[in-house]
Amino acid sequence: MNDEIKLNCPVPIGDHATVQLAHGGGGRMMKNLIEGIFLPAFGESSSSPTTGGGTGRASGTRTLQPPVPHDAAVLPVPGTGGASGTQSGTRLAFTTDSFVVNPLFFPGGDIGELAVYGTVNDLAMAGAVPAWLSAGFLLEEGFSLELLRRIVESMAAAARAAGVRIVTGDTKVVDRGKADGVFINTSGIGWVPEGVEISPERVEPGDVILLSGDLGRHGMAVMSVREGLRFESDLESDCAPLAGLVEAMLAAGGTEVHCLRDLTRGGLAAALNEIASDARAGIEIDESAVPVTEPVASACELLGLDPLYVANEGRLVAFVSPASADRVLAAMHAHPAAIGPVRIGVVTDAHTGLVELCGPFGPGRILDLLSGEQMPRIC
Amino acid sequence: MKYLDEYRDAEAVRGLAAAIRAAATRPWNIMEICGGQTHTIVRYGLDQMLPPQIALIHGPGCPVCVTPVESIDRAVAIAGRPEVIFCSFGDMLRVPGSRKDLLTVKSEGGDVRLVYSPMDAVALAQKHPDRQVVFFAIGFETTAPANAMAVIQAAKLRLLNFSILVSHVLVPPAMCAVLDSPLNRVQGFLAAGHVCAITGMDQYRPIAERYRVPIVVTGFEPVDILQGILMCIRQLEQGRAEVENGYARIVRPEGNRPAMERIDEVFEVSPRKWRGIGEIPASGLALRESYAEFDAERRFPVAGITADEPTECIAGEILQGHKQPLECPAFGTLCTPDRPLGAPMVSTEGACAAYFRYRRREE
């Protein structure tokens with residue numbers, strides 16, 4: 001370090017030359033990464049990539065339209081009847097997701113359960129019936145086999161609960177220090193029933209937005225046991241498979257269910273912003289209608305976090321035509337995977353691409369994507 | 001949530017807004033000091049509930065925003081050293097220095113850790129006797145007591161591998177700087193409740209008297225803030241300029257004596273640079289000579305690092321309330337939370353970030 005340093009160049013720090021943690025945080029930086037690097041390279045090939053844990057929707061053959069990002073790619077199976085890209089014939093949904101959670105075991109779940117339900121849920125968000133999963137393990141030299149056994153057993157139980165089979169896999173071991181215990185990747189295939197067409201492109205003004213339960217349990221449960229932050233709470237992750245719930249919703253609403261999105265990193269705010277942007281629609285949410293339980297609200301208060309941005313692993317939002325909203329909501333109420341489902345807002349043709357939150361006192365505000373990860377406040 | 005819900009109650013909020021409308025007969029400009037208050041105001045749209053002749057001016061009370069570029073550059077230089085574990089509150093990690101922020105240092109291999117308390121950094125120093133643990137001690141009088149305690153604790157444990165990089169600032173000198181500015185428009189203040197919980201109210205009486213401005217100690221919830229505004233407007237309308245307590249459930253007039261004693265034991269008042277404002281005499285805290293061995297600026301050769309502020313950024317005018325974020329030509333275009341030119345766009349308590357998050361559509 002010399003002492004003649006005099007720095008004064010206001011280089012925008014946003015142009016990072018290296019990968020930052022926030023590139024994986026589900027916020028704007030991740031969106032920029034996908035749009036800046038992945039989509040230009042993969043976007044026009046026949047199978048399209050990928051939002052975090054999710055994927056671009058295949059856009060048929062040789063179309064130059066960029067794919068609309070969605071949780072899973074829906075792919076026509078050649079030789080099964082319809083021309084590719086049309087509704088007739090067999091359609092498969094395909095998705096992949098990687099899991100790096102710390103700690104590996106947390107109240108209400110573990111990495112194995114997440115790895116199964118995460119991928120099952122991404123398939124379900126394309127309206128697919130999840131069928132087969134792959135499981136890839138990246139193991140760090142020295143990792144406890146006993147813990148690995150627990151994780152794998154938990155994956156097996158989760159697969160049974162979700163009605164899917166793990167049919168292929170892969171294992172790699174890396175030197176100690178080159179990974180953090182265990183990383184898991186799962187890919188999944190499901191089939192899309194005839195007539196089901198779930199996509200952000202189908203969202204239209206007037207659609208009612210339904211939320212399947214209260215927010216923030218997973219994120220705060222994981223945080224409550226994280227090193228250096230431990231706090232007392234009875235919080236448990238909401239980690240759960242959503243395919244059964246989706247099936248019930250589709251049975252009630254059929255094609256009137258326009259779009260589904262599970263809430264993961266970045267929480268409700270990220271999911272709504274993605275859809276507002278992909279569907280080129282405006283979204284209006286009634287903030288006081290969004291359910292947050294007392295323990296989650298208190299933990300968020302303590303850390304200065306906003307529950308609307310906190311991660312979930314067992315909640316979804318649905319965009320449904322107004323005529324069938326009550327029917328779909330009733331079907332959600334009747335299903336155990338929905339915990340107090342509610343109507344939280346509507347789609348409008350105003351303020352395209354933005355999510356507007358109607359506050360408790362009248363004035364509204366924007367519900368924005370975070371730049372990176374949510375940081376606890378200073379004081 | 002008890003102690004919170006009643007201060008976010010819609011009935012109470014509407015009642016106070018109506019009382020403010022009834023009380024205000026003339027235009028008044030009121031500055032809320034603290035970034036936490038700004039955040040609440042913009043988040044809930046409280047300013048939009050006020051009569052048009054009442055203007056809220058956002059003050060300099062965001063600890064992240066006022067930390068000067070050169071402190072960040074020093075932090076970056078220290079954090080990049082191989083022997084150092086650099087500990088900081090999360091908000092500081094993304095604030096741009098001249099060339100880098102602390103997150104970039106981390107991605108380049110620096111051992112930068114997010115902690116929730118300076119005592120976590122002391123514990124790290126105990127656990128890693130072979131490493132130098134440095135805590136980035138920033139903030140107002142609110143964070144100073146805990147930082148002082150960390151130094152006292154480290155001294156007791158003889159943890160000579162612990163040090164703090166100090167960039168502490170004080171509220172009253174900043175208020176005087178705002179009032180002394182020839183561009184000043186501020187006629188009354190909402191003082192930062194949590195700062196007053198530590199310091200008490202006495203420090204503010206000379207300011208109220210000298211400048212003839214009402215100062216109302218104010219909390220952070222919607223009801224608190226509207227209550228503070230109402231009390232301030234009543235004083236202005238009646239021609240009073242007093243220090244009043246609108247946050248009595250937290251603030252005692254005498255403050256928190258033991259906390260003040262800890263601050264006084266470890267720190268002394270010193271001149272401090274403020275980001276965007278420049279140096280204000282007697283506006284900050286520095287380690288006393290008796291604790292100098294815990295001063296990271298003495299332990300590492302960083303004292304020569306100085307930096308100029310980016311010229312496109314009007315943070316200084318924002319922080320002094322001369323301009324509102326939407327008046328900045330760079331707002332939302334050259335300057336966004338992804339590519340911040342200045343700290344008010346970074347911190348969750350920064351006025352620009354609050355406007356960007358909640359008010360972008362008004363561009």
# chains A, B, ... in the order shown; residues from 1 in each chain; ligands from 1

call {"tool": "residues_around", "arguments": {"residues": "range 150-154 of chain B", "least_positions_apart": "2", "cutoff": "12 Å", "atoms": "only C-alpha atoms", "output": "number ranges by chain"}}
result
B: 117-126, 133-137, 143-148, 156-166, 261-267, 287-288, 290-296

call {"tool": "residues_around", "arguments": {"residues": "Leu245 in chain A", "least_positions_apart": "4", "cutoff": "8 Å", "atoms": "only C-alpha atoms", "output": "list in words"}}
result
Met249, Met332, His335, Pro336, Ala337 and Ala338 of chain A

call {"tool": "write_last_selection", "arguments": {"atoms": "N, CA and C atoms", "output": "PDB file, in the first residue's frame"}}
result
ATOM      1  N   MET A 249     -56.355 -26.637  -8.693  1.00  0.00           N
ATOM      2  CA  MET A 249     -56.702 -25.321  -9.238  1.00  0.00           C
ATOM      3  C   MET A 249     -57.071 -25.425 -10.720  1.00  0.00           C
ATOM      4  N   MET A 332     -58.526 -23.868  -3.896  1.00  0.00           N
ATOM      5  CA  MET A 332     -57.300 -23.715  -3.108  1.00  0.00           C
ATOM      6  C   MET A 332     -57.598 -23.920  -1.632  1.00  0.00           C
ATOM      7  N   HIS A 335     -57.629 -27.415  -0.494  1.00  0.00           N
ATOM      8  CA  HIS A 335     -56.405 -28.212  -0.614  1.00  0.00           C
ATOM      9  C   HIS A 335     -55.433 -27.910   0.536  1.00  0.00           C
ATOM     10  N   PRO A 336     -54.870 -28.948   1.152  1.00  0.00           N
ATOM     11  CA  PRO A 336     -54.020 -28.717   2.329  1.00  0.00           C
ATOM     12  C   PRO A 336     -52.726 -27.949   2.042  1.00  0.00           C
ATOM     13  N   ALA A 337     -52.259 -27.901   0.803  1.00  0.00           N
ATOM     14  CA  ALA A 337     -51.008 -27.183   0.521  1.00  0.00           C
ATOM     15  C   ALA A 337     -51.205 -25.669   0.480  1.00  0.00           C
ATOM     16  N   ALA A 338     -52.443 -25.222   0.428  1.00  0.00           N
ATOM     17  CA  ALA A 338     -52.711 -23.780   0.505  1.00  0.00           C
ATOM     18  C   ALA A 338     -53.066 -23.450   1.950  1.00  0.00           C
TER      19      ALA A 338
END

call {"tool": "atom_distance", "arguments": {"atom1": "CA of Phe183 in chain A", "atom2": "CA of Leu138 in chain A"}}
result
5.0 Å

call {"tool": "residues_around", "arguments": {"residues": "range 362-372 of chain A", "least_positions_apart": "6", "cutoff": "8 Å", "atoms": "only C-alpha atoms", "output": "list of chain:residue names"}}
result
A:Ala22, A:His23, A:Gly25, A:Gly26, A:Gly27, A:Arg28, A:Met29, A:Met30, A:Gly266, A:Ala269, A:Ala270, A:Asn273, A:Leu354, A:Val355, A:Glu356, B:Arg43, B:Tyr44, B:Gly45, B:Leu46, B:Gln48, B:Met49, B:Pro337, B:Asp338, B:Arg357, B:Tyr358, B:Arg359, B:Arg360, B:Arg361

call {"tool": "select_by_dssp", "arguments": {"residues": "range 86-321 of chain B", "states": "strand (DSSP E)", "output": "JSON, numbers by chain"}}
result
{"B": [86, 87, 88, 111, 112, 113, 114, 132, 133, 134, 135, 136, 137, 138, 139, 162, 163, 164, 165, 166, 167, 168, 169, 188, 189, 190, 191, 192, 215, 216, 217, 218, 243, 244, 245, 267, 268, 269, 270, 271, 272, 273, 274, 278, 279, 280, 281, 282, 283, 284, 285, 286, 287, 306, 307]}

call {"tool": "atom_distance", "arguments": {"atom1": "CA of Gly43 in chain A", "atom2": "CA of Val164 in chain A"}}
result
29.0 Å

call {"tool": "select_by_dssp", "arguments": {"residues": "range 119-290 of chain B", "states": "helix (DSSP H, G or I)", "output": "ChimeraX atom specification"}}
result
/B:119-127,144-156,171-180,193-199,202-211,222-238,257-266,289-290

call {"tool": "atom_distance", "arguments": {"atom1": "CA of Ser277 in chain A", "atom2": "CA of Pro205 in chain A"}}
result
13.6 Å

call {"tool": "residues_around", "arguments": {"residues": "range 187-203 of chain B", "least_positions_apart": "4", "cutoff": "7 Å", "atoms": "only C-alpha atoms", "output": "ChimeraX atom specification"}}
result
/B:28-34,141-142,213-219,228,232,247,250-256,259-260

call {"tool": "residues_around", "arguments": {"residues": "Ile318 in chain B", "least_positions_apart": "4", "cutoff": "9 Å", "atoms": "only C-alpha atoms", "output": "PyMOL selection string"}}
result
chain B and resi 57-60+276+314+322-325+328+344+351-352

call {"tool": "write_last_selection", "arguments": {"atoms": "C-alpha atoms", "output": "mmCIF file, in the first residue's frame"}}
result
data_model
loop_
_atom_site.group_PDB
_atom_site.id
_atom_site.type_symbol
_atom_site.label_atom_id
_atom_site.label_comp_id
_atom_site.auth_asym_id
_atom_site.auth_seq_id
_atom_site.Cartn_x
_atom_site.Cartn_y
_atom_site.Cartn_z
ATOM 1 C CA ILE B 57 -37.151 17.990 3.413
ATOM 2 C CA HIS B 58 -35.068 14.861 3.762
ATOM 3 C CA GLY B 59 -32.123 15.265 6.086
ATOM 4 C CA PRO B 60 -28.560 13.960 6.375
ATOM 5 C CA GLY B 276 -21.267 15.292 -0.186
ATOM 6 C CA ILE B 314 -25.548 15.856 -5.943
ATOM 7 C CA HIS B 322 -31.495 21.753 -0.953
ATOM 8 C CA LYS B 323 -32.724 19.364 -3.595
ATOM 9 C CA GLN B 324 -35.051 16.381 -3.740
ATOM 10 C CA PRO B 325 -33.898 13.143 -5.410
ATOM 11 C CA CYS B 328 -31.213 15.157 -9.835
ATOM 12 C CA PRO B 344 -28.051 7.949 -0.951
ATOM 13 C CA ALA B 351 -33.402 9.334 0.185
ATOM 14 C CA CYS B 352 -32.553 8.519 -3.439
#

call {"tool": "closest_residue", "arguments": {"among": "A:Leu147, A:Ala135, A:Ala73, A:Ala128", "to": "Ile166 in chain A", "atoms": "only C-alpha atoms"}}
result
A:Ala135

call {"tool": "closest_residue", "arguments": {"among": "A:Arg176, A:Arg230, A:Arg217, A:His258", "to": "chain B", "atoms": "only C-alpha atoms"}}
result
A:Arg230

call {"tool": "residues_around", "arguments": {"residues": "range 281-289 of chain A", "least_positions_apart": "6", "cutoff": "6 Å", "atoms": "only C-alpha atoms", "output": "ChimeraX atom specification"}}
result
/A:344-359

call {"tool": "closest_residue", "arguments": {"among": "B:Ala307, B:Val171, B:Leu326, B:Ile225", "to": "chain A", "atoms": "only C-alpha atoms"}}
result
B:Ala307

call {"tool": "residues_around", "arguments": {"residues": "Gly190 in chain A", "least_positions_apart": "5", "cutoff": "7 Å", "atoms": "only C-alpha atoms", "output": "compact mmCIF listing (two decimals) with C-alpha atoms, in the first residue's frame"}}
result
# COMPACT_ATOMS: atom_id res chain seq x y z
CA LEU A 92 -43.30 -32.20 -21.83
CA ALA A 93 -42.16 -29.68 -19.25
CA PHE A 94 -38.47 -29.66 -18.41
CA LEU A 123 -42.73 -28.13 -13.25
CA ALA A 128 -47.25 -29.97 -15.73
CA VAL A 129 -47.73 -33.18 -13.80
CA PRO A 130 -44.22 -33.86 -12.45
CA ALA A 131 -43.01 -37.38 -13.25
CA TRP A 132 -39.23 -37.94 -13.27
